[in-house]
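**Student:** start_4.pdb (PDB, C-alpha atoms) pasted underneath:
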```
ATOM      1  CA  MET A  16     140.684 137.157  89.523  1.00  0.00           C
ATOM      2  CA  ALA A  17     142.600 140.303  88.721  1.00  0.00           C
ATOM      3  CA  LYS A  18     145.809 139.245  90.457  1.00  0.00           C
ATOM      4  CA  GLN A  19     147.715 136.043  89.886  1.00  0.00           C
ATOM      5  CA  MET A  20     147.341 133.405  92.574  1.00  0.00           C
ATOM      6  CA  THR A  21     150.230 131.484  94.075  1.00  0.00           C
ATOM      7  CA  GLU A  22     150.232 127.703  93.944  1.00  0.00           C
ATOM      8  CA  GLY A  23     149.159 127.529  97.590  1.00  0.00           C
ATOM      9  CA  GLN A  24     146.239 129.872  97.031  1.00  0.00           C
ATOM     10  CA  ARG A  25     145.231 127.963  93.914  1.00  0.00           C
ATOM     11  CA  ALA A  26     145.300 124.645  95.813  1.00  0.00           C
ATOM     12  CA  TYR A  27     143.250 126.116  98.670  1.00  0.00           C
ATOM     13  CA  GLU A  28     140.615 127.542  96.319  1.00  0.00           C
ATOM     14  CA  SER A  29     140.436 124.304  94.340  1.00  0.00           C
ATOM     15  CA  LYS A  30     139.760 122.376  97.579  1.00  0.00           C
ATOM     16  CA  ARG A  31     136.990 124.796  98.504  1.00  0.00           C
ATOM     17  CA  ALA A  32     135.530 124.526  94.990  1.00  0.00           C
ATOM     18  CA  ALA A  33     135.597 120.723  95.152  1.00  0.00           C
ATOM     19  CA  LYS A  34     133.903 120.829  98.548  1.00  0.00           C
ATOM     20  CA  ALA A  35     131.136 123.014  97.048  1.00  0.00           C
ATOM     21  CA  GLY A  36     130.860 120.703  94.033  1.00  0.00           C
ATOM     22  CA  LEU A  37     131.996 123.316  91.502  1.00  0.00           C
ATOM     23  CA  SER A  38     134.895 123.671  89.113  1.00  0.00           C
ATOM     24  CA  LEU A  39     137.663 126.077  90.063  1.00  0.00           C
ATOM     25  CA  GLU A  40     136.688 128.532  87.301  1.00  0.00           C
ATOM     26  CA  LYS A  41     133.033 128.597  88.381  1.00  0.00           C
ATOM     27  CA  TRP A  42     134.085 128.973  92.019  1.00  0.00           C
ATOM     28  CA  LEU A  43     136.346 131.940  91.253  1.00  0.00           C
ATOM     29  CA  SER A  44     133.739 133.625  89.061  1.00  0.00           C
ATOM     30  CA  MET A  45     131.146 133.160  91.814  1.00  0.00           C
ATOM     31  CA  LYS A  46     133.508 134.745  94.345  1.00  0.00           C
ATOM     32  CA  ASP A  47     134.141 137.678  91.994  1.00  0.00           C
ATOM     33  CA  ARG A  48     130.401 138.157  91.496  1.00  0.00           C
ATOM     34  CA  GLU A  49     129.784 138.123  95.272  1.00  0.00           C
ATOM     35  CA  ARG A  50     132.613 140.611  95.800  1.00  0.00           C
ATOM     36  CA  ASP A  51     131.135 142.922  93.152  1.00  0.00           C
ATOM     37  CA  GLU A  52     127.667 142.686  94.741  1.00  0.00           C
ATOM     38  CA  ALA A  53     129.074 143.542  98.160  1.00  0.00           C
ATOM     39  CA  GLU A  54     130.924 146.527  96.714  1.00  0.00           C
ATOM     40  CA  ARG A  55     127.787 147.756  94.916  1.00  0.00           C
ATOM     41  CA  SER A  56     125.654 147.444  98.051  1.00  0.00           C
ATOM     42  CA  ARG A  57     128.304 149.235 100.119  1.00  0.00           C
ATOM     43  CA  LEU A  58     128.392 152.104  97.619  1.00  0.00           C
ATOM     44  CA  ALA A  59     124.585 152.277  97.495  1.00  0.00           C
ATOM     45  CA  ALA A  60     124.411 152.448 101.289  1.00  0.00           C
ATOM     46  CA  ALA A  61     127.001 155.228 101.340  1.00  0.00           C
ATOM     47  CA  ARG A  62     125.082 157.115  98.644  1.00  0.00           C
ATOM     48  CA  LYS A  63     121.823 156.677 100.567  1.00  0.00           C
ATOM     49  CA  ALA A  64     123.434 157.999 103.770  1.00  0.00           C
ATOM     50  CA  ALA A  65     124.729 161.061 101.906  1.00  0.00           C
ATOM     51  CA  GLU A  66     121.256 162.125 100.738  1.00  0.00           C
ATOM     52  CA  PRO A  67     119.614 164.886 102.803  1.00  0.00           C
ATOM     53  CA  PRO A  68     116.616 163.750 104.846  1.00  0.00           C
ATOM     54  CA  LYS A  69     113.196 164.333 103.305  1.00  0.00           C
ATOM     55  CA  LYS A  70     110.839 166.958 104.656  1.00  0.00           C
ATOM     56  CA  PRO A  71     108.024 165.312 106.666  1.00  0.00           C
ATOM     57  CA  GLY A  72     104.739 164.883 104.824  1.00  0.00           C
ATOM     58  CA  PHE A  73     101.522 166.755 105.465  1.00  0.00           C
ATOM     59  CA  PHE A  74     100.030 164.250 107.904  1.00  0.00           C
ATOM     60  CA  ALA A  75     103.325 163.770 109.751  1.00  0.00           C
ATOM     61  CA  ARG A  76     103.528 167.524 110.313  1.00  0.00           C
ATOM     62  CA  LEU A  77      99.906 167.595 111.528  1.00  0.00           C
ATOM     63  CA  ILE A  78     100.497 164.749 113.982  1.00  0.00           C
ATOM     64  CA  GLU A  79     103.692 166.383 115.222  1.00  0.00           C
ATOM     65  CA  ARG A  80     101.901 169.687 115.748  1.00  0.00           C
ATOM     66  CA  ALA A  81      98.947 167.954 117.470  1.00  0.00           C
ATOM     67  CA  SER A  82     101.218 166.088 119.867  1.00  0.00           C
ATOM     68  CA  LYS A  83     102.926 169.263 121.113  1.00  0.00           C
ATOM     69  CA  PRO A  84     101.591 170.666 124.373  1.00  0.00           C
ATOM     70  CA  LEU A  85      99.638 173.935 124.253  1.00  0.00           C
TER      71      LEU A  85
END
```
Starting from the coordinates I provided, produce the structure as structure tokens.
**Tutor:**
Amino acid sequence: MAKQMTEGQRAYESKRAAKAGLSLEKWLSMKDRERDEAERSRLAAARKAAEPPKKPGFFARLIERASKPL
């Protein structure tokens, strides 16, 4: 982890790691990896939302035009 953990935090994380059957180092690296994945997916979703919508395709425009009343 980037920041130093207090003794209480270290004890808590070591209990959780033992419960999962992992060493403390593996547990912390797994948590870091999950945090990085969540951050990447959040950024990708934000990037996707920022893109302008695509123009409808040929058939979508035909169907839209056909469904309009005369």
**Student:** With 3 Å on each side, where is the centre of the axis-aligned box around all listed atoms of range 65-75 of chain A, and how long are its edges in Å to one decimal, as AutoDock Vina command-line options?
**Tutor:**
```
--center_x 112.4 --center_y 164.0 --center_z 105.2 --size_x 30.7 --size_y 11.9 --size_z 15.0
```
**Student:** Just the number, please: distance in Å from CA of Ser44 in chain A to CA of Lys63 in chain A, one decimal.
**Tutor:** 28.4 Å
**Student:** Quick one: residues within 10 Å of Ala26 in chain A, only C-alpha atoms counted, chain neighbours fewer than 6 positions away excluded, as a PDB file with C-alpha atoms, in the coordinates of the input?
**Tutor:**
```pdb
ATOM      1  CA  MET A  20     147.341 133.405  92.574  1.00  0.00           C
ATOM      2  CA  ALA A  32     135.530 124.526  94.990  1.00  0.00           C
ATOM      3  CA  LEU A  39     137.663 126.077  90.063  1.00  0.00           C
TER       4      LEU A  39
END
```
**Student:** By how many Å are CA of Lys30 in chain A and CA of Ala53 in chain A apart?
**Tutor:**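 So the two atoms, CA of Lys30 in chain A and CA of Ala53 in chain A, lie 23.7 Å apart.
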**Student:** Just how far from CA of Ser56 in chain A is CA of Ala33 in chain A, in Å to one decimal?
**Tutor:**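 Atom-to-atom, CA of Ala33 in chain A and CA of Ser56 in chain A are spaced 28.7 Å apart.
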**Student:** Write range 35-60 of chain A as a compact mmCIF listing (two decimals), in the coordinates of the input, completed to N, CA and C atoms.
**Tutor:**
```
# COMPACT_ATOMS: atom_id res chain seq x y z
N ALA A 35 132.43 122.44 97.45
CA ALA A 35 131.14 123.01 97.05
C ALA A 35 130.57 122.31 95.82
N GLY A 36 131.34 121.43 95.20
CA GLY A 36 130.86 120.70 94.03
C GLY A 36 130.92 121.52 92.75
N LEU A 37 131.86 122.46 92.67
CA LEU A 37 132.00 123.32 91.50
C LEU A 37 133.40 123.19 90.92
N SER A 38 133.55 123.62 89.69
CA SER A 38 134.90 123.67 89.11
C SER A 38 135.59 124.92 89.66
N LEU A 39 136.90 124.94 89.54
CA LEU A 39 137.66 126.08 90.06
C LEU A 39 137.27 127.37 89.35
N GLU A 40 137.06 127.33 88.05
CA GLU A 40 136.69 128.53 87.30
C GLU A 40 135.33 129.07 87.74
N LYS A 41 134.36 128.16 87.92
CA LYS A 41 133.03 128.60 88.38
C LYS A 41 133.12 129.17 89.79
N TRP A 42 133.92 128.52 90.64
CA TRP A 42 134.08 128.97 92.02
C TRP A 42 134.67 130.39 92.06
N LEU A 43 135.70 130.62 91.27
CA LEU A 43 136.35 131.94 91.25
C LEU A 43 135.42 133.00 90.67
N SER A 44 134.67 132.64 89.63
CA SER A 44 133.74 133.62 89.06
C SER A 44 132.61 133.95 90.05
N MET A 45 132.17 132.93 90.80
CA MET A 45 131.15 133.16 91.81
C MET A 45 131.67 134.08 92.92
N LYS A 46 132.91 133.88 93.33
CA LYS A 46 133.51 134.74 94.34
C LYS A 46 133.64 136.17 93.85
N ASP A 47 134.04 136.35 92.57
CA ASP A 47 134.14 137.68 91.99
C ASP A 47 132.78 138.37 91.96
N ARG A 48 131.75 137.60 91.56
CA ARG A 48 130.40 138.16 91.50
C ARG A 48 129.94 138.60 92.89
N GLU A 49 130.18 137.77 93.91
CA GLU A 49 129.78 138.12 95.27
C GLU A 49 130.53 139.37 95.76
N ARG A 50 131.82 139.45 95.41
CA ARG A 50 132.61 140.61 95.80
C ARG A 50 132.08 141.87 95.13
N ASP A 51 131.70 141.78 93.86
CA ASP A 51 131.14 142.92 93.15
C ASP A 51 129.80 143.35 93.76
N GLU A 52 128.96 142.38 94.11
CA GLU A 52 127.67 142.69 94.74
C GLU A 52 127.86 143.40 96.06
N ALA A 53 128.81 142.92 96.86
CA ALA A 53 129.07 143.54 98.16
C ALA A 53 129.57 144.97 97.97
N GLU A 54 130.41 145.19 96.98
CA GLU A 54 130.92 146.53 96.71
C GLU A 54 129.80 147.45 96.26
N ARG A 55 128.92 146.94 95.37
CA ARG A 55 127.79 147.76 94.92
C ARG A 55 126.85 148.11 96.06
N SER A 56 126.57 147.16 96.94
CA SER A 56 125.65 147.44 98.05
C SER A 56 126.29 148.41 99.04
N ARG A 57 127.61 148.31 99.22
CA ARG A 57 128.30 149.24 100.12
C ARG A 57 128.25 150.65 99.55
N LEU A 58 128.46 150.79 98.24
CA LEU A 58 128.39 152.10 97.62
C LEU A 58 126.97 152.67 97.65
N ALA A 59 125.98 151.82 97.45
CA ALA A 59 124.58 152.28 97.50
C ALA A 59 124.22 152.75 98.89
N ALA A 60 124.69 152.04 99.91
CA ALA A 60 124.41 152.45 101.29
C ALA A 60 125.08 153.78 101.61
```
